Every structure is written in C-alpha cells, then in structure tokens.
Amino acid sequence: MLRKLELCIVMAFVMPIISLAQSSSLTIKGKVLSDKDPVVLATVVVKETNTRAFTNIDGEFSITLDEKGEYTLYISASGYRNSTQTINLSQEENSFEFTLTKDALGLDQVVVSATRNRVERKKAPVVISSIRTRLLNATQSTTLADGLSYAPGVRVENNCQNCGFTQVRLNGLQGAYTQILLNSRPVFTSLLGVYGLEQIPVNTIDRIEVVRSGGSALYGSNGIAGTVNVITKDPVLNTWEIGSTISSIKGDALDRNLNFNSSIVADDLQTGVTLYGSYRNRDAYDANDDGFTELVEIDNTTVGAKAFLKPHERSRISLNLNAIKEYRRGGDRLDLAPQFTDITEELQHDTFIGGADYEWESTDYSHKLQAYTSISYTNRDSYYGGLGGSRTRQDSLIANNAFGTTKDLAWVTGVQHTKSFTRDVITTGLEYVTTNTEDEIPGYNRSIDQQVNTIGFYSQYEWKPTEKVTALLGARLDHVNVDGKYSVGTVVREVSIDQTAISPRLTMSYDLTKQIKLRAGYARGFRAPQAFNEDLHISSVGGEQLFVILSEDLKTEYSNAFTSSFNYSLSKNLLQLDFLVEGFYTTIQDPFTQVSTGATLNNGSILEEVRNGSGATVFGSNIEIGVSPSSDWRFQIGATYQESRYDDEQLLFESDGTLGESDIFIDEFVRNPNWYGFLNATWLPSAKFNIDLTSTYTGRMNVPRVVSDSGFLQINRSNPFLDMNLKVETHFDYSDDFMITISGGVRNMFDSFQDDFDTGATRDSDYVYGPMAPRTVFLGIKIGKMH
C-alpha cells in the first residue's frame, strides 16, 4: 500500500513535467514551393504568437510552439502572392507543404517608400508604384532613364543635344521637384540629377518605387512632386550571369553593352554578397546630318557590390558600394580637341556611392532600430565651349578657357526607431544631410560654391482605429542652412539662409470592401534658395554658352499637395486585376522660375536668372489598369492628364529694348504635355519563351526655342509621339546551373522622333523634346545560372 502511495506521489510530480516537455516540443516543419521549385527566404509567421521563420535554400522552415491546437500561418515572399493557411497541431512533429502563386502585378510586393517601413503595396495607405526587374527587361532598358516612364505620372525627357542632360518629371513638375533616393537615402545630388539617370545601369536595380505628390514628405521637404527610390539588388541565391547587347540606332550608330551579376549566399543564409558590373559604349548620333550630335557619345563603366551579415536572426548589417566612371561628349567634330570645334560639351565623371546600414529587432518584433550612413562623391572635369562657328582671335581665346572642374559631396547619416503595437505603429527618426558643391569654369569667371546642411527630425503615427481605417499622422521638422556664392562674369550673387520649417503629412485610407480601397492625403513642402539640377547645366545658344544664376533676394518656395484615389484590386485563382484612379492638386507659393534676361556678358554668353514667380497650380489625374488573366498574359496601361498653370502671367523673356524685341509671358509651364502615358503587354506561353510589347505616349506641349543671340524666344507647339517597342526572348536550360537567353527586337519601331532639331553651330541645344532615341534594333545574349 505504501509503495502504491509513493508511486502516485512520484507520478503526480512527473506527469506535469512530461506534459510540459511534450507541449514545448511541438514542431512545425514545412516546405514552401512554387511550380515545384523551392521558394527561398519566404517569411512564415504564426499569427497567434507572432513567431516567425524564414525558408532556407531548399524552401524549408521549422517553428517550435508550446501548445497543441489550431494556428494560422501567414506566408509571404518577394515575387509571390501572400497565402494564409490554417493548420492543426496534434503531435510532436507536424509536416506541411505550402504552394505560392506568382504575383504577376506585384500587388503583394513589400515596399519601403510609402511609410519608411516594410508594408505590402496594396495595403499601403499611400499610393505607390513599383517598376520591377521584369518590366525593365521587357522595355530593353539600359539605364535608369530608359525604364522610369513606365509608371503613372512619370515622364523622362532629354534636355540637351550636346550633353544628354535628362530629368524625370512627376505629375507635371520639373526634375528639381523630385527627390531621387538610392537605397532609401538622399545621396542623389543636384549634380547627379543632371546626368545620373543615364549613369545607373539597370542590371544593378532590383526595383524602383515611385511615390507621387507629397506622400513622401518624411524623406525630405524637396520631394514636392514625389520620390523615386532606386533599390539595388540584394544577394538572395547563388547565381551568376554575363550578358551582352548590341543596338543599332537607325543604322548609323552603335550602342554596345556588357554586364555581369554574381551572388554568393551561405547555406545558412546568414551572409551573402552580390557583385555587379556594366560597360556601355554608345556612338554619337546625328539625326539631321548637320554635323552636330542629337545623341551624345557615352563611355560608361560601373562596378558595385552589396553584402549583408546577420549576427543573429533579429539583426542585420548591410553594405553597398558603387563606382561609376563615365565619359560623354557631344557637339561637332568629336575627333578634335574640344577647343578646336564649333561647339563641344565634354564631361568626365568619377563617382563613388556607398553606404552602411544596421537593423535590429526585439525578440517580440515590436521594436525595430535602424542606423545608417551613406555618401556620394563626384569629381568632374568638363568643357562647355567652342568657337561658336567663328574663327576670330577672341573666339579662340574664349574657347581655350572653357575647361572646368566640379567637386560634389553628399553625406547622410541617421537613426530610425519603429514601435509596433497590436495595430498601430509609431516611427521616429533623426537625419543629418550635408551637400557641398564647388563648380568652377575660370575662363568664364563662372563659379558655384554652395554648402547645404540639413538636420531633420520626423515622427509618424500609423493609427488603425478599425480593421478598415488607417491614418498616417506625421511631420518632418527641418533646419536648413544654405551658404552659397554664385558668379558669372561680373555678376555675383550670395545666399545665406538659416531656416527652420515643418512639413506636416496626413493620409487616410478606408477599405470600403476587401477589394476597394479609398485614399486621401495632404502634405506640405518647401525648397530653400539654392542651385538645383537645371542651374548646374550649361547650354549652348547662338554659338555661345547660356548660364543660370540665382537672383538677388530669392525667397523660399512652399507647396501644399492634396491627393485622393480609388483603388480596386482582385486576386482570384490565377486572375489578378488592379484598377487605380488618382487625383492630385498642388499649389506652389513663390515658385522658382528661369527668366532669360536678354542680356549678354562681355564674352558673349547669355544669362538666365532664377526668380520667384507668381503662384502656380498643378492638378490632374493618373489612371492605371493592370490585368493578368493567367500566368501566360499580363497587361498594364497608365495615363496621366495634367495642367500646370501660373496664377498670373509669368515672365519668360525679359527684353532690354535694344533690338525691337518685346517681353514674352506665359500662363502655363513649358515642356509639359497635358496627356502622357504608357502600355506594356507580355505573353509567356512557356518558361522558355516570351514576347513583350511596350510603349510610351507623349502628347502635345509648348516648347521654347531661342531664335536670337540675345536669347529671344518663340514658343512652338510639338506633335504627339507614340514610342513603341517589341522584344522577343527565348531561354535554353542546359542544367540547373547553366542556361542561355537570347533576345532581339526593336525600340521605337515607328521611328516617332523629333524632326525639327535646330541646326549648325548657332543652334539652341535645349530645343529637344519627344522620345529619347529614334528607331533602334537590338540583339542580346545572356549566359549563366540565372535563378
């Protein structure tokens, strides 16, 4: 009897321990596949406990839980639709297999530009567009400039026949109103904004995120038109790829490209590095046989790397490095030294861009800390000059003194903390940004010496009072110090500003149904007086150089941006549908405007001045429709209607009254079509073959053209353009480690191209509009382990 009692006592103590051991050893073992292939780095979250795991190189994961019962797993991966699965744990080891469907339209793609945190695109309270690698390849884009136009409200244009200056316009506003980020950091300076869009090769880009209007206020006050965030490729799999493309521009010029990509990732996915490089050599192209370029000669070499290290599962250190060396030249007689030609713009850029990030998350994933630093430095040698069509001694002296140098530095460092509650999220951060630009052309006594220092503090509360309503309440406080001295000839201007401004942001979204999301928002922005992209560009007019200088007593400009949108998204079986209508309305107080003064300097150069104009209003609508009825077909079309108007007539040319010329006024922005848009259609009958048809449309617009040595202008009305591209691609898989891809096609197949370029040594080199290049036939090949 005593022995039985002892046994009962022992069992009373032991059984709970055994039960506890059993309950703590419940394991979920799973595998995530798509088309029978493993999905690497998929995130698996147990909603009830917020426990998470990541799939390995074989698509496998393991999660340990404490208790038996029913659980909900949320599975997500880049490039795939999210999946929610309910499972029942009834034994110590539980094995499951999950299948993900490819996300053809990118509705479930995770983006970072909407809220400065990772969020699914269709759930983001701010409208955000994403241009992915698949679309960049479909459009046969060589550089960032080629692929940017395939998002609503975005248009890229070439602004110079002599140097190939490009800028991106968002919602009808010129390039200086758009903030371009590299890996979420504002190191894309005003100097890089002149030529940088053509200096970043697409083989380095993972995706491009576009936030229009003031929805990007937390990234800085300058993004009045919006933000373009260029995200470079991360190492994900062990891959390597070498590719080459040759293009023939109207049979008269060749564009040669060679690039490589390679990634190495450890088996435990705790470390990885990707290396990439690109070489481009494009001949100059003369469209009208006048001996002067319309497309400039380019010789570009870019190399870079991106690496990460995970000290443990909840922390990550990442590093990115890029080096760009580019030579470009336009004008006439490219075989001669530049000072012996009529017009030459020759530039040699050496650019370094680098950054480091540290991320840490708490054990319950409710706290996230980010610390980062990034830098860009450009050393540029330039020549803007020539004989201007003449051969006098004075012209020769000036031509010999048209050499210049530029040193441009940007550095940003900051820290960000994110606190996640059951529903709400609070984000706060501190950021310091400094830029230093020294631009000298001694022969013209032209100088820009500018330092801009900004300390920014931002805070945002993502409030979700119900499952259907989300509000973003945020603001950025910037203290800006601008110290600049600007001179051309005997004209000297100085800017010394110490200013503090607040840029509030309010966004609301409401899920009317599971498929319908309504959004509305407001943001305020400002730009302190300083030299922006266009001010660093030097044009050629009448055989002389055209310089831009800031006016005296230039005031800060402010903006108020309002947006609203209707978004319908549907994913059912293989069908995906996305329909977006977005309205925007932006007012600008004291906008910076360039006025041709009608005055010439002693050396004959023409002077333009940046002045505060009357108020301006930009308004319109973006429409985007995406349909993928099956894995074989994808269609996307986008269109923008916009108007950009000054409140009062704006002075564009100021006559000095000596040549019988009169002042010229305008009431709307120039170089801004009311209608523009894009189209892309893809047929994927098999994994080995695809056809892509892509197109951009540019409507009629008013384009100024200089017609006299004083800078006197006439306003011309352009024709519309339809730039359509066709690409055919086929794949040969020889093994899991080696495949060959061959592609070919034609860009701008209907040769929709400007036909009234100005000619000769005295041409207006800025009189450029329409598509970037005429009809171009291309052929490409890639080899390697590509997936």
# chains A, B, ... in the order shown; residues from 1 in each chain; ligands from 1

$ select_by_dssp --residues "segment 204-343 of chain A" --states "strand (DSSP E)" --output "ChimeraX atom specification"
/A:205-212,226-232,239-249,253-265,271-282,297-309,315-331

$ residues_around --residues "Pro125 of chain A" --least-positions-apart "5" --cutoff "12 Å" --atoms "only C-alpha atoms" --output "PDB file with C-alpha atoms, in the first residue's frame"
ATOM      1  CA  VAL A 111       7.680  48.270 -50.389  1.00  0.00           C
ATOM      2  CA  SER A 113       8.892  54.119 -49.601  1.00  0.00           C
ATOM      3  CA  ALA A 114       5.268  54.545 -48.502  1.00  0.00           C
ATOM      4  CA  THR A 115       5.771  54.744 -44.729  1.00  0.00           C
ATOM      5  CA  ARG A 116       9.558  54.299 -44.251  1.00  0.00           C
ATOM      6  CA  ASN A 117       8.686  50.769 -43.075  1.00  0.00           C
ATOM      7  CA  VAL A 119       4.430  47.231 -45.968  1.00  0.00           C
ATOM      8  CA  GLU A 120       2.560  45.394 -48.708  1.00  0.00           C
ATOM      9  CA  VAL A 211       5.556  57.857 -54.538  1.00  0.00           C
ATOM     10  CA  GLY A 215       3.067  61.356 -49.883  1.00  0.00           C
ATOM     11  CA  SER A 216       6.830  61.122 -49.420  1.00  0.00           C
ATOM     12  CA  GLU A 462       0.170  54.981 -38.130  1.00  0.00           C
ATOM     13  CA  TRP A 463      -3.213  54.753 -36.431  1.00  0.00           C
ATOM     14  CA  LYS A 464      -5.637  51.912 -37.151  1.00  0.00           C
ATOM     15  CA  LYS A 468     -10.783  49.110 -42.320  1.00  0.00           C
ATOM     16  CA  VAL A 469      -9.389  52.543 -41.418  1.00  0.00           C
ATOM     17  CA  THR A 470      -5.750  53.634 -41.408  1.00  0.00           C
ATOM     18  CA  ALA A 471      -4.459  57.136 -40.744  1.00  0.00           C
ATOM     19  CA  LEU A 472      -0.904  58.400 -41.134  1.00  0.00           C
ATOM     20  CA  LEU A 473      -0.251  61.441 -38.959  1.00  0.00           C
ATOM     21  CA  LEU A 506      -1.815  63.489 -43.188  1.00  0.00           C
ATOM     22  CA  THR A 507      -3.057  60.450 -45.084  1.00  0.00           C
ATOM     23  CA  MET A 508      -6.262  58.467 -44.637  1.00  0.00           C
ATOM     24  CA  SER A 509      -7.221  55.151 -46.193  1.00  0.00           C
ATOM     25  CA  TYR A 510     -10.503  53.267 -45.933  1.00  0.00           C
ATOM     26  CA  ASP A 511     -11.191  49.708 -47.058  1.00  0.00           C
ATOM     27  CA  LYS A 517      -9.508  50.958 -51.016  1.00  0.00           C
ATOM     28  CA  LEU A 518     -10.072  54.723 -50.831  1.00  0.00           C
ATOM     29  CA  ARG A 519      -7.162  57.050 -50.022  1.00  0.00           C
ATOM     30  CA  ALA A 520      -6.757  60.785 -49.442  1.00  0.00           C
ATOM     31  CA  GLY A 521      -3.833  62.842 -48.256  1.00  0.00           C
ATOM     32  CA  THR A 563      -4.287  63.713 -53.316  1.00  0.00           C
ATOM     33  CA  SER A 564      -7.180  61.275 -53.430  1.00  0.00           C
ATOM     34  CA  SER A 565      -7.599  57.881 -55.063  1.00  0.00           C
ATOM     35  CA  PHE A 566      -9.873  54.931 -55.731  1.00  0.00           C
ATOM     36  CA  ASN A 567      -8.187  51.527 -55.961  1.00  0.00           C
TER      37      ASN A 567
END

$ select_by_dssp --residues "segment 147-378 of chain A" --states "helix (DSSP H, G or I)" --output "count of residues only"
24

$ residues_around --residues "Ser83 of chain A" --least-positions-apart "5" --cutoff "8 Å" --atoms "only C-alpha atoms" --output "NGL selection string"
:A and (74-76 or 100)

$ write_last_selection --atoms "C-alpha atoms" --output "PDB file, in the first residue's frame"
ATOM      1  CA  TYR A  74       0.834  33.822 -42.939  1.00  0.00           C
ATOM      2  CA  ILE A  75       3.346  33.093 -45.730  1.00  0.00           C
ATOM      3  CA  SER A  76       4.896  35.807 -47.900  1.00  0.00           C
ATOM      4  CA  LEU A 100       2.635  30.087 -53.528  1.00  0.00           C
TER       5      LEU A 100
END

$ residues_around --residues "Ser382 of chain A" --least-positions-apart "2" --cutoff "7 Å" --atoms "only C-alpha atoms" --output "list in words"
Glu346, Leu347, Gln348, Arg380, Tyr384, Phe403, Gly404 and Thr405 of chain A

$ atom_distance --atom1 "atom CA of Arg329 of chain A" --atom2 "atom CA of Asn748 of chain A"
23.8 Å

$ decode --residues "segment 273-301 of chain A" --atoms "N, CA and C atoms" --output "mmCIF file, in the first residue's frame"
data_model
loop_
_atom_site.group_PDB
_atom_site.id
_atom_site.type_symbol
_atom_site.label_atom_id
_atom_site.label_comp_id
_atom_site.auth_asym_id
_atom_site.auth_seq_id
_atom_site.Cartn_x
_atom_site.Cartn_y
_atom_site.Cartn_z
ATOM 1 N N VAL A 273 26.807 38.098 -50.568
ATOM 2 C CA VAL A 273 27.375 39.225 -51.288
ATOM 3 C C VAL A 273 26.986 39.111 -52.752
ATOM 4 N N THR A 274 26.682 40.234 -53.359
ATOM 5 C CA THR A 274 26.427 40.274 -54.791
ATOM 6 C C THR A 274 27.374 41.285 -55.423
ATOM 7 N N LEU A 275 27.918 40.923 -56.573
ATOM 8 C CA LEU A 275 28.826 41.774 -57.331
ATOM 9 C C LEU A 275 28.203 42.050 -58.692
ATOM 10 N N TYR A 276 28.349 43.256 -59.171
ATOM 11 C CA TYR A 276 27.807 43.557 -60.494
ATOM 12 C C TYR A 276 28.687 44.594 -61.194
ATOM 13 N N GLY A 277 28.610 44.554 -62.492
ATOM 14 C CA GLY A 277 29.380 45.488 -63.292
ATOM 15 C C GLY A 277 28.724 45.707 -64.638
ATOM 16 N N SER A 278 29.016 46.832 -65.246
ATOM 17 C CA SER A 278 28.423 47.164 -66.544
ATOM 18 C C SER A 278 29.386 48.043 -67.327
ATOM 19 N N TYR A 279 29.463 47.772 -68.619
ATOM 20 C CA TYR A 279 30.244 48.623 -69.521
ATOM 21 C C TYR A 279 29.360 49.000 -70.692
ATOM 22 N N ARG A 280 29.303 50.292 -70.979
ATOM 23 C CA ARG A 280 28.497 50.787 -72.095
ATOM 24 C C ARG A 280 29.335 51.710 -72.972
ATOM 25 N N ASN A 281 29.217 51.489 -74.278
ATOM 26 C CA ASN A 281 29.888 52.346 -75.245
ATOM 27 C C ASN A 281 28.894 52.682 -76.357
ATOM 28 N N ARG A 282 28.456 53.946 -76.392
ATOM 29 C CA ARG A 282 27.495 54.368 -77.413
ATOM 30 C C ARG A 282 28.125 55.412 -78.317
ATOM 31 N N ASP A 283 27.986 55.208 -79.631
ATOM 32 C CA ASP A 283 28.442 56.195 -80.596
ATOM 33 C C ASP A 283 27.521 57.405 -80.575
ATOM 34 N N ALA A 284 28.055 58.540 -80.954
ATOM 35 C CA ALA A 284 27.229 59.731 -81.130
ATOM 36 C C ALA A 284 26.340 59.555 -82.358
ATOM 37 N N TYR A 285 25.165 60.202 -82.334
ATOM 38 C CA TYR A 285 24.210 60.082 -83.440
ATOM 39 C C TYR A 285 23.781 61.476 -83.893
ATOM 40 N N ASP A 286 23.828 61.685 -85.187
ATOM 41 C CA ASP A 286 23.428 62.951 -85.816
ATOM 42 C C ASP A 286 22.147 62.692 -86.608
ATOM 43 N N ALA A 287 21.028 63.262 -86.161
ATOM 44 C CA ALA A 287 19.726 62.950 -86.758
ATOM 45 C C ALA A 287 19.472 63.693 -88.060
ATOM 46 N N ASN A 288 20.064 64.871 -88.256
ATOM 47 C CA ASN A 288 19.736 65.691 -89.416
ATOM 48 C C ASN A 288 20.941 66.005 -90.295
ATOM 49 N N ASP A 289 22.041 65.267 -90.121
ATOM 50 C CA ASP A 289 23.228 65.388 -90.986
ATOM 51 C C ASP A 289 23.797 66.799 -91.055
ATOM 52 N N ASP A 290 23.719 67.528 -89.918
ATOM 53 C CA ASP A 290 24.318 68.866 -89.901
ATOM 54 C C ASP A 290 25.708 68.850 -89.276
ATOM 55 N N GLY A 291 26.174 67.644 -88.908
ATOM 56 C CA GLY A 291 27.498 67.532 -88.307
ATOM 57 C C GLY A 291 27.519 67.708 -86.803
ATOM 58 N N PHE A 292 26.341 67.882 -86.190
ATOM 59 C CA PHE A 292 26.254 68.086 -84.746
ATOM 60 C C PHE A 292 25.373 66.985 -84.141
ATOM 61 N N THR A 293 25.702 66.587 -82.917
ATOM 62 C CA THR A 293 25.041 65.434 -82.307
ATOM 63 C C THR A 293 23.622 65.757 -81.837
ATOM 64 N N GLU A 294 22.763 64.734 -81.928
ATOM 65 C CA GLU A 294 21.480 64.741 -81.216
ATOM 66 C C GLU A 294 21.530 63.759 -80.037
ATOM 67 N N LEU A 295 22.264 62.655 -80.193
ATOM 68 C CA LEU A 295 22.571 61.737 -79.091
ATOM 69 C C LEU A 295 24.076 61.754 -78.896
ATOM 70 N N VAL A 296 24.524 61.917 -77.658
ATOM 71 C CA VAL A 296 25.939 62.127 -77.401
ATOM 72 C C VAL A 296 26.680 60.803 -77.303
ATOM 73 N N GLU A 297 27.974 60.882 -77.477
ATOM 74 C CA GLU A 297 28.845 59.724 -77.270
ATOM 75 C C GLU A 297 28.957 59.450 -75.773
ATOM 76 N N ILE A 298 28.850 58.166 -75.394
ATOM 77 C CA ILE A 298 28.939 57.771 -73.977
ATOM 78 C C ILE A 298 29.870 56.586 -73.835
ATOM 79 N N ASP A 299 30.737 56.652 -72.838
ATOM 80 C CA ASP A 299 31.592 55.531 -72.466
ATOM 81 C C ASP A 299 31.511 55.415 -70.950
ATOM 82 N N ASN A 300 30.798 54.387 -70.467
ATOM 83 C CA ASN A 300 30.486 54.276 -69.043
ATOM 84 C C ASN A 300 30.916 52.920 -68.504
ATOM 85 N N THR A 301 31.623 52.941 -67.378
ATOM 86 C CA THR A 301 31.971 51.715 -66.656
ATOM 87 C C THR A 301 31.470 51.843 -65.229
#
